[in-house]
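J.: Structure below; questions to follow.
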Amino acid sequence: MTVSAAPEAALSVLPRADGSAKYSHAGYTITASVNGPIEAQRRDEHPYEAHVDVVVRPAAGVGGTRERHLESVLQSSLTQIILVKNFPRALIQIVLQIESTPGNDYVNTKLFQASLNFSIMPALFQTAVLALLSAAVPMRATATASVVAVVSQDKEKKLIVDPSAREIEAAQSVHVLAFTSHDELLLAESEGDFSVKEWDDVYETAKKICCQPESQKAGIEMVPDDDNARGPDMRQFLRSTLEEKVAADLHWK
Amino acid sequence: MEVDQQHPLVLPGDTIDPSLIPTHKKQPLRLGPGLRHIPPNAIIPTVAGQLIADHKKNSMWVEYNGGRYIPSPNDLVIGQIVRSAADLYYVNLTPYTSSATLPQLAFEGATKKTRPILAPGALIYARVTLANRHMDAELECVSGSTGKAEGLGPLTGGMAFDVSLGLARRLLMARSREEGGVEVLELLGGEGLAFETAVGRNGRVWVGSESTKTVIAVGRALRETDEGDLGVEQQRKLVKRLIREMR
C-alpha cells in the first residue's frame, strides 16, 4: 500500500475557475475550485466580512451529514486564514470534489463511513489551501495539516502518521491537526480515547510534519529514526508547489 | 524567471527580509498589490508570487497571475452595461460580482439633454475612480481634469475576449514588448492587419476592425498566447500560422 507516498499537487487545473488545485496524498485524490470574491446571496451576506462557503462532494453519490460536518470544520478554520475583512458582503466559494479514497479490502466502507471523516480532513484542507493560493485570495498565512493515529502495540503506544483505513480501524484515537505558517495551531480535532500525554505526543509529531523550520532543510538531512512517525515535510511541499506555479506564471520576466 | 535574492518567492504570511524594503529620505514607501501593512512596521505578503521592490520609485509589490479582478482606483477596465437607472448605468466588470456604477453624465460632453444612450450588453472602456471595499466600484469615461474622453467611452463593433489578469497587465505596460514579452499585436499589425484594441485590467481585451476575420484572428492570437504561455519566439510562429490560415 502506498500510504506514505509523497504528496503530489497541480495548481490551476480548471480553466474557468478563479483558482483550482488537484492534490493527492495517502491514497486520496481531491480536486478543489475556488471562486471569489463574488456576490453573496442575501442570506449569506455579512456587512463586515466575506462569507466562506465550503462544499464537499463525495466521490460517489450525494453528500450527507458527514460532508456537512467536514464542511463546517473546514469553513471555520479557513475563515481564520483568509482575510475575510477585505471583502465585506462578498462570498468566497470553495468546492472540494473527492475523486478517490484509498481502498480497503478489510472494512466495508459503507458501514464505517463515519470513521473515515478523519483521515480525509488533512487532504481536503490542504487542497483548499492550494486552491486559495492559486486563486490569489488574500490570506493571513498559509497552512498545513496532518493526521496522526495512536495505536497500541504490545502494550506500547505507537504514533502513525497518515494511517491507512485499516490502521484507523485498529487505532485507539485519531487526531487531525493543522498549523499556520506562523506555527500556530489552527485546527485540532480528535476522536477516540486518549490521555493528555498522548495528545501532547501527537501534537509534537504533527508539528514536526507541518512546521519544519527552514534551517533544518538547508542543513544535513536528519536521520529518520522512525520513518512511520516522521512523515513528509508539508511546508516545504507547499512552497515548492507554489514555486513551480509562480515560475510558470511569470515566464515572461 | 529567476527566483533570486532580489526577487524572492513569497507566500502569504512570510516575513520579508528588511534589506529588500526600499528606503527613501523623503518619499513615503508605496505598497502595491499583494502586500499589507500591519502597524507599526510589519509588511506582510497576502498572496503567493514574486516580490518586486522598485528603489527608484520607493515602492514594492507582489507580482502574480491569476485570481479574480479586484477594482482599484485609476485602473482601465472594459465593462458591460447590465441595466440603466435614473442617472446611473450598472456595469459588470467580472462575472458574478456586484455591479460597478457609471454616472450617465461621466462621458465627454455629456449634459442632461445630450448623453449617450447605452443598451444592456453594450461594452464600455472606463477608468475606476473609486474602489472601496464597502461600496460598489465607481467608473468614469471622461478625464476629470481635462473633460476629454482620452480614448474612453463606448466600444462599438468588434468583440471582447477574456484573457488572464497577468496578460492584461503585460499588454497595458508602456513597453509591452520589452518588459512584458508580448509581441503578438505588433506582429499582427506588421503583417498588414488593420485593427484597434482596448485592454481592460479586469482581463478583457476588446478588438475592433472593419473585417470580422481580423477580429477573430487577433482574438485567437491573444487567447493562444495566454493559454499556452508563449514566449516571443513562439508568438512569432503563431502569428505566421494565423496569417497563413487567413489567406
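Within each chain, counting starts at residue 1; across the C-alpha cells, chains are named A, B, ... in the order shown, with ligands numbered 1 upward in that order.
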What parts of stretch 20-245 of chain B does DSSP call strand (DSSP E)? I'd like the answer as a VMD selection string.

T.: chain B and resid 30 to 31 35 to 38 42 to 45 49 to 54 59 to 63 76 to 84 88 to 92 100 to 103 123 to 130 138 to 140 153 to 155 159 to 162 196 to 200 204 to 208

J.: Could you produce a table of the residues of chain B lying within 9 Å of chain A, with the nearest pair of atoms per residue and their separation in Å rounded to one decimal, using only C-alpha atoms, ordered by chain and increasing residue number, as a tab-separated table?

T.:
residue	atom	partner	partner_atom	distance
B:Met1	CA	A:Lys253	CA	5.6
B:Glu2	CA	A:Ala247	CA	8.0
B:Val3	CA	A:Ala247	CA	8.0
B:Leu9	CA	A:Glu243	CA	6.8
B:Val10	CA	A:Arg239	CA	8.9
B:Leu11	CA	A:Thr142	CA	7.1
B:Pro12	CA	A:Ala141	CA	4.7
B:Gly13	CA	A:Ala141	CA	4.1
B:Asp14	CA	A:Ala141	CA	7.4
B:Gly34	CA	A:Pro138	CA	7.2
B:Leu35	CA	A:Pro138	CA	9.0
B:Ile44	CA	A:Arg140	CA	8.4
B:Pro45	CA	A:Arg140	CA	8.2
B:Thr46	CA	A:Pro138	CA	4.7
B:Val47	CA	A:Pro138	CA	5.4
B:Ala48	CA	A:Leu133	CA	6.3
B:Gly49	CA	A:Val246	CA	5.7
B:Gln50	CA	A:Val246	CA	7.2
B:Glu63	CA	A:Leu250	CA	8.0
B:Tyr64	CA	A:Val246	CA	6.8
B:Asn65	CA	A:Asp249	CA	5.9
B:Gly66	CA	A:Ala135	CA	6.0
B:Gly67	CA	A:Ala135	CA	4.1
B:Arg68	CA	A:Asp18	CA	5.9
B:Tyr69	CA	A:Pro37	CA	9.0
B:Ile70	CA	A:Pro37	CA	8.3
B:Thr94	CA	A:Ile38	CA	8.9
B:Pro95	CA	A:Ile38	CA	8.1
B:Tyr96	CA	A:Ile38	CA	5.5
B:Thr97	CA	A:Ile38	CA	4.6
B:Ser98	CA	A:Glu39	CA	5.5
B:Arg133	CA	A:Phe87	CA	6.0
B:His134	CA	A:Pro88	CA	6.2
B:Gly166	CA	A:Asp249	CA	7.9
B:Glu179	CA	A:Lys253	CA	7.5
B:Gly180	CA	A:Trp252	CA	6.4
B:Gly181	CA	A:Trp252	CA	5.5
B:Val182	CA	A:Trp252	CA	8.3
B:Asp229	CA	A:His251	CA	7.4
B:Leu230	CA	A:Trp252	CA	8.6
B:Gly231	CA	A:Trp252	CA	6.8
B:Val232	CA	A:Trp252	CA	8.7

J.: Find the residues around B:Pro18 up to 12 Å (only C-alpha atoms counted), leave out those fewer than 2 positions away in its own chain, and share them as a ChimeraX atom specification.

T.: /B:6,15-16,20-23,41-44,53

J.: Using the selection just defined, write its residues with all heavy atoms as a PDB file, in the first residue's frame.

T.:
ATOM      1  N   GLN B   6      17.113  38.961  -4.914  1.00  0.00           N
ATOM      2  CA  GLN B   6      16.487  40.262  -5.118  1.00  0.00           C
ATOM      3  C   GLN B   6      14.964  40.148  -5.272  1.00  0.00           C
ATOM      4  O   GLN B   6      14.223  41.014  -4.862  1.00  0.00           O
ATOM      5  CB  GLN B   6      17.085  40.938  -6.358  1.00  0.00           C
ATOM      6  CG  GLN B   6      18.478  41.473  -6.130  1.00  0.00           C
ATOM      7  CD  GLN B   6      18.549  42.455  -4.974  1.00  0.00           C
ATOM      8  OE1 GLN B   6      17.801  43.421  -4.935  1.00  0.00           O
ATOM      9  NE2 GLN B   6      19.422  42.197  -4.021  1.00  0.00           N
ATOM     10  N   THR B  15       7.773  36.395   6.252  1.00  0.00           N
ATOM     11  CA  THR B  15       8.435  37.625   6.672  1.00  0.00           C
ATOM     12  C   THR B  15       9.325  38.095   5.521  1.00  0.00           C
ATOM     13  O   THR B  15       9.929  37.281   4.833  1.00  0.00           O
ATOM     14  CB  THR B  15       9.291  37.407   7.925  1.00  0.00           C
ATOM     15  OG1 THR B  15      10.015  36.201   7.745  1.00  0.00           O
ATOM     16  CG2 THR B  15       8.451  37.340   9.170  1.00  0.00           C
ATOM     17  N   ILE B  16       9.362  39.407   5.332  1.00  0.00           N
ATOM     18  CA  ILE B  16      10.175  39.972   4.257  1.00  0.00           C
ATOM     19  C   ILE B  16      11.492  40.441   4.857  1.00  0.00           C
ATOM     20  O   ILE B  16      11.504  41.134   5.879  1.00  0.00           O
ATOM     21  CB  ILE B  16       9.431  41.133   3.563  1.00  0.00           C
ATOM     22  CG1 ILE B  16       8.193  40.593   2.862  1.00  0.00           C
ATOM     23  CG2 ILE B  16      10.332  41.843   2.572  1.00  0.00           C
ATOM     24  CD1 ILE B  16       7.304  41.656   2.279  1.00  0.00           C
ATOM     25  N   LEU B  20      15.403  44.087   1.766  1.00  0.00           N
ATOM     26  CA  LEU B  20      14.737  44.201   0.470  1.00  0.00           C
ATOM     27  C   LEU B  20      13.776  45.391   0.421  1.00  0.00           C
ATOM     28  O   LEU B  20      13.351  45.810  -0.650  1.00  0.00           O
ATOM     29  CB  LEU B  20      13.940  42.930   0.172  1.00  0.00           C
ATOM     30  CG  LEU B  20      14.759  41.667  -0.085  1.00  0.00           C
ATOM     31  CD1 LEU B  20      13.860  40.464  -0.137  1.00  0.00           C
ATOM     32  CD2 LEU B  20      15.550  41.783  -1.367  1.00  0.00           C
ATOM     33  N   ILE B  21      13.411  45.914   1.579  1.00  0.00           N
ATOM     34  CA  ILE B  21      12.437  47.001   1.611  1.00  0.00           C
ATOM     35  C   ILE B  21      13.141  48.298   1.232  1.00  0.00           C
ATOM     36  O   ILE B  21      14.131  48.683   1.873  1.00  0.00           O
ATOM     37  CB  ILE B  21      11.775  47.107   3.000  1.00  0.00           C
ATOM     38  CG1 ILE B  21      11.050  45.787   3.314  1.00  0.00           C
ATOM     39  CG2 ILE B  21      10.819  48.281   3.062  1.00  0.00           C
ATOM     40  CD1 ILE B  21      10.504  45.695   4.701  1.00  0.00           C
ATOM     41  N   PRO B  22      12.681  48.974   0.179  1.00  0.00           N
ATOM     42  CA  PRO B  22      13.358  50.203  -0.237  1.00  0.00           C
ATOM     43  C   PRO B  22      13.193  51.307   0.810  1.00  0.00           C
ATOM     44  O   PRO B  22      12.163  51.387   1.472  1.00  0.00           O
ATOM     45  CB  PRO B  22      12.667  50.580  -1.542  1.00  0.00           C
ATOM     46  CG  PRO B  22      11.523  49.676  -1.715  1.00  0.00           C
ATOM     47  CD  PRO B  22      11.521  48.662  -0.628  1.00  0.00           C
ATOM     48  N   THR B  23      14.221  52.113   0.927  1.00  0.00           N
ATOM     49  CA  THR B  23      14.129  53.249   1.854  1.00  0.00           C
ATOM     50  C   THR B  23      14.425  54.530   1.085  1.00  0.00           C
ATOM     51  O   THR B  23      15.175  54.527   0.116  1.00  0.00           O
ATOM     52  CB  THR B  23      15.153  53.108   2.995  1.00  0.00           C
ATOM     53  OG1 THR B  23      16.412  52.778   2.412  1.00  0.00           O
ATOM     54  CG2 THR B  23      14.756  52.036   3.968  1.00  0.00           C
ATOM     55  N   ASN B  41       5.145  48.510  11.960  1.00  0.00           N
ATOM     56  CA  ASN B  41       6.161  48.430  10.910  1.00  0.00           C
ATOM     57  C   ASN B  41       6.280  47.053  10.263  1.00  0.00           C
ATOM     58  O   ASN B  41       7.330  46.696   9.770  1.00  0.00           O
ATOM     59  CB  ASN B  41       7.523  48.877  11.443  1.00  0.00           C
ATOM     60  CG  ASN B  41       7.879  48.134  12.716  1.00  0.00           C
ATOM     61  OD1 ASN B  41       7.178  47.194  13.075  1.00  0.00           O
ATOM     62  ND2 ASN B  41       8.921  48.543  13.380  1.00  0.00           N
ATOM     63  N   ALA B  42       5.225  46.284  10.256  1.00  0.00           N
ATOM     64  CA  ALA B  42       5.317  44.976   9.604  1.00  0.00           C
ATOM     65  C   ALA B  42       4.700  45.052   8.212  1.00  0.00           C
ATOM     66  O   ALA B  42       3.626  45.621   8.040  1.00  0.00           O
ATOM     67  CB  ALA B  42       4.588  43.929  10.434  1.00  0.00           C
ATOM     68  N   ILE B  43       5.403  44.513   7.217  1.00  0.00           N
ATOM     69  CA  ILE B  43       4.872  44.419   5.863  1.00  0.00           C
ATOM     70  C   ILE B  43       4.812  42.933   5.514  1.00  0.00           C
ATOM     71  O   ILE B  43       5.831  42.245   5.555  1.00  0.00           O
ATOM     72  CB  ILE B  43       5.743  45.197   4.862  1.00  0.00           C
ATOM     73  CG1 ILE B  43       5.675  46.687   5.187  1.00  0.00           C
ATOM     74  CG2 ILE B  43       5.271  44.949   3.438  1.00  0.00           C
ATOM     75  CD1 ILE B  43       6.646  47.512   4.410  1.00  0.00           C
ATOM     76  N   ILE B  44       3.605  42.467   5.215  1.00  0.00           N
ATOM     77  CA  ILE B  44       3.404  41.032   5.060  1.00  0.00           C
ATOM     78  C   ILE B  44       2.702  40.747   3.745  1.00  0.00           C
ATOM     79  O   ILE B  44       1.712  41.407   3.410  1.00  0.00           O
ATOM     80  CB  ILE B  44       2.590  40.504   6.262  1.00  0.00           C
ATOM     81  CG1 ILE B  44       3.426  40.676   7.527  1.00  0.00           C
ATOM     82  CG2 ILE B  44       2.214  39.047   6.073  1.00  0.00           C
ATOM     83  CD1 ILE B  44       2.785  40.216   8.765  1.00  0.00           C
ATOM     84  N   ALA B  53      10.773  44.959  -5.655  1.00  0.00           N
ATOM     85  CA  ALA B  53      10.991  46.241  -4.977  1.00  0.00           C
ATOM     86  C   ALA B  53      11.595  47.205  -5.989  1.00  0.00           C
ATOM     87  O   ALA B  53      12.553  46.859  -6.681  1.00  0.00           O
ATOM     88  CB  ALA B  53      11.927  46.053  -3.792  1.00  0.00           C
TER      89      ALA B  53
END

J.: Between atom CA of A:Glu244 and atom CA of B:Ile38, what is the distance in Å, rounded to a tenth?

T.: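 Separation of atom CA of A:Glu244 and atom CA of B:Ile38: 28.7 Å.
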
J.: So the first atom is atom CA of A:Ala10 and the second is atom CA of B:Gly228; what is the distance between them in Å, to one decimal place?

T.: 16.4 Å

J.: Env of B:Gly121: 9 Å cut, atoms = only C-alpha atoms, seq-sep filter 4 positions within chain, self excluded. Answer as a VMD selection string.

T.: chain B and resid 80 to 83

J.: Given the selection you just returned, output its residues as a file containing all heavy atoms, formatted as a compact mmCIF listing (two decimals), in the first residue's frame.

T.:
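Result file is result.txt:
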# COMPACT_ATOMS: atom_id res chain seq x y z
N GLN B 80 -19.41 45.76 -19.09
CA GLN B 80 -20.59 45.52 -19.89
C GLN B 80 -21.79 46.12 -19.14
O GLN B 80 -21.95 45.86 -17.94
CB GLN B 80 -20.77 44.02 -20.10
CG GLN B 80 -21.77 43.68 -21.16
CD GLN B 80 -21.72 42.20 -21.53
OE1 GLN B 80 -21.26 41.39 -20.74
NE2 GLN B 80 -22.20 41.88 -22.71
N ILE B 81 -22.59 46.90 -19.86
CA ILE B 81 -23.75 47.53 -19.22
C ILE B 81 -24.75 46.44 -18.84
O ILE B 81 -25.10 45.60 -19.67
CB ILE B 81 -24.42 48.53 -20.18
CG1 ILE B 81 -23.41 49.56 -20.69
CG2 ILE B 81 -25.62 49.20 -19.52
CD1 ILE B 81 -23.02 50.63 -19.76
N VAL B 82 -25.17 46.45 -17.57
CA VAL B 82 -26.17 45.48 -17.13
C VAL B 82 -27.56 46.09 -17.26
O VAL B 82 -28.46 45.53 -17.85
CB VAL B 82 -25.91 45.06 -15.67
CG1 VAL B 82 -26.96 44.06 -15.21
CG2 VAL B 82 -24.53 44.46 -15.54
N ARG B 83 -27.73 47.29 -16.67
CA ARG B 83 -29.01 47.97 -16.78
C ARG B 83 -28.78 49.46 -16.52
O ARG B 83 -27.70 49.86 -16.07
CB ARG B 83 -30.03 47.40 -15.80
CG ARG B 83 -29.64 47.53 -14.36
CD ARG B 83 -30.44 46.59 -13.50
NE ARG B 83 -29.88 46.53 -12.16
CZ ARG B 83 -30.18 47.39 -11.19
NH1 ARG B 83 -31.05 48.36 -11.41
NH2 ARG B 83 -29.62 47.28 -10.01

J.: Tell me which protein, DNA and RNA residues are within 9 Å of B:Arg223, counting only C-alpha atoms, leaving out same-chain ones fewer than 5 positions away, and put them as number ranges by chain.

T.: B: 161-164, 218, 228

J.: May I have all residues of stretch 45-142 of chain A that DSSP, computed from the backbone, assigns to alpha helix (DSSP H), given as a ChimeraX atom specification?

T.: /A:65-81,113-134

J.: Looking at B:Gly109, B:Asp75, B:Leu167, B:Leu139, which one is nearest to B:Leu88, with distances taken over only C-alpha atoms?

T.: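 Using only C-alpha atoms, B:Leu88 sits closest to B:Leu139.
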
J.: When you draw a straight line from atom CA of B:Glu227 to atom CA of B:Leu93, how long is it in Å?

T.: 21.1 Å

J.: Do a neighbour search on B:Ser99 at 8 Å with only C-alpha atoms, toss out local chain neighbours closer than 3 positions, and write the hits as a short mmCIF file (atom, residue, chain, number, x, y, z; two decimals) with all heavy atoms, in the first residue's frame.

T.:
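Below is the file that was written, around.cif:
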data_model
loop_
_atom_site.label_atom_id
_atom_site.label_comp_id
_atom_site.auth_asym_id
_atom_site.auth_seq_id
_atom_site.Cartn_x
_atom_site.Cartn_y
_atom_site.Cartn_z
N VAL B 82 -25.17 46.45 -17.57
CA VAL B 82 -26.17 45.48 -17.13
C VAL B 82 -27.56 46.09 -17.26
O VAL B 82 -28.46 45.53 -17.85
CB VAL B 82 -25.91 45.06 -15.67
CG1 VAL B 82 -26.96 44.06 -15.21
CG2 VAL B 82 -24.53 44.46 -15.54
N TYR B 90 -25.45 50.55 -14.51
CA TYR B 90 -24.82 49.49 -13.73
C TYR B 90 -23.98 48.67 -14.67
O TYR B 90 -24.47 48.22 -15.71
CB TYR B 90 -25.88 48.64 -13.03
CG TYR B 90 -26.49 49.36 -11.88
CD1 TYR B 90 -27.67 50.10 -12.03
CD2 TYR B 90 -25.87 49.37 -10.65
CE1 TYR B 90 -28.21 50.79 -10.98
CE2 TYR B 90 -26.40 50.07 -9.58
CZ TYR B 90 -27.57 50.78 -9.76
OH TYR B 90 -28.09 51.49 -8.72
N VAL B 91 -22.70 48.51 -14.34
CA VAL B 91 -21.74 47.91 -15.26
C VAL B 91 -21.13 46.67 -14.62
O VAL B 91 -20.74 46.68 -13.45
CB VAL B 91 -20.61 48.92 -15.59
CG1 VAL B 91 -19.62 48.32 -16.57
CG2 VAL B 91 -21.19 50.20 -16.14
N ASN B 92 -21.04 45.62 -15.41
CA ASN B 92 -20.44 44.38 -14.94
C ASN B 92 -18.96 44.34 -15.33
O ASN B 92 -18.63 44.50 -16.49
CB ASN B 92 -21.22 43.22 -15.58
CG ASN B 92 -20.70 41.89 -15.13
OD1 ASN B 92 -19.59 41.53 -15.45
ND2 ASN B 92 -21.51 41.18 -14.39
N LEU B 93 -18.09 44.14 -14.35
CA LEU B 93 -16.66 44.07 -14.64
C LEU B 93 -16.16 42.63 -14.70
O LEU B 93 -15.34 42.28 -15.53
CB LEU B 93 -15.86 44.84 -13.58
CG LEU B 93 -16.10 46.34 -13.51
CD1 LEU B 93 -15.22 46.96 -12.45
CD2 LEU B 93 -15.85 47.00 -14.85
N ASP B 136 -19.76 49.63 -3.93
CA ASP B 136 -19.53 49.18 -5.29
C ASP B 136 -18.57 50.15 -5.96
O ASP B 136 -18.55 51.34 -5.64
CB ASP B 136 -20.84 49.13 -6.06
CG ASP B 136 -21.74 48.00 -5.57
OD1 ASP B 136 -21.20 47.08 -4.95
OD2 ASP B 136 -22.95 48.08 -5.79
N ALA B 137 -17.77 49.64 -6.91
CA ALA B 137 -16.79 50.49 -7.59
C ALA B 137 -17.51 51.54 -8.44
O ALA B 137 -18.62 51.33 -8.91
CB ALA B 137 -15.89 49.64 -8.47
#

J.: Which residues are close to A:Glu99, i.e. within 7 Å by only C-alpha atoms, leaving aside same-chain residues fewer than 3 positions away? Reply as a ChimeraX atom specification.

T.: /A:29-30,59

J.: Keeping only N, CA and C atoms, write those residues as a PDB file, in the first residue's frame.

T.:
ATOM      1  N   THR A  29      -7.373  11.460  -3.619  1.00  0.00           N
ATOM      2  CA  THR A  29      -7.206  12.440  -4.680  1.00  0.00           C
ATOM      3  C   THR A  29      -8.392  13.388  -4.604  1.00  0.00           C
ATOM      4  N   ILE A  30      -8.088  14.671  -4.546  1.00  0.00           N
ATOM      5  CA  ILE A  30      -9.141  15.676  -4.384  1.00  0.00           C
ATOM      6  C   ILE A  30      -8.885  16.821  -5.349  1.00  0.00           C
ATOM      7  N   ALA A  59     -17.009  11.122  -3.552  1.00  0.00           N
ATOM      8  CA  ALA A  59     -16.628  10.507  -4.825  1.00  0.00           C
ATOM      9  C   ALA A  59     -17.846   9.931  -5.534  1.00  0.00           C
TER      10      ALA A  59
END

J.: Taking only C-alpha atoms into account, which of B:Lys213, B:Lys57, B:Arg220, B:Arg30 comes nearest B:Phe195?

T.: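 Answer, going by the shortest atom-to-atom distance: B:Lys213.
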
J.: B:Val199, B:Leu193, B:Ile52, B:Ala100: which is nearest B:Met173, counting only C-alpha atoms?

T.: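 Checking each of B:Val199, B:Leu193, B:Ile52, B:Ala100 against B:Met173, counting only C-alpha atoms, the winner is B:Val199.
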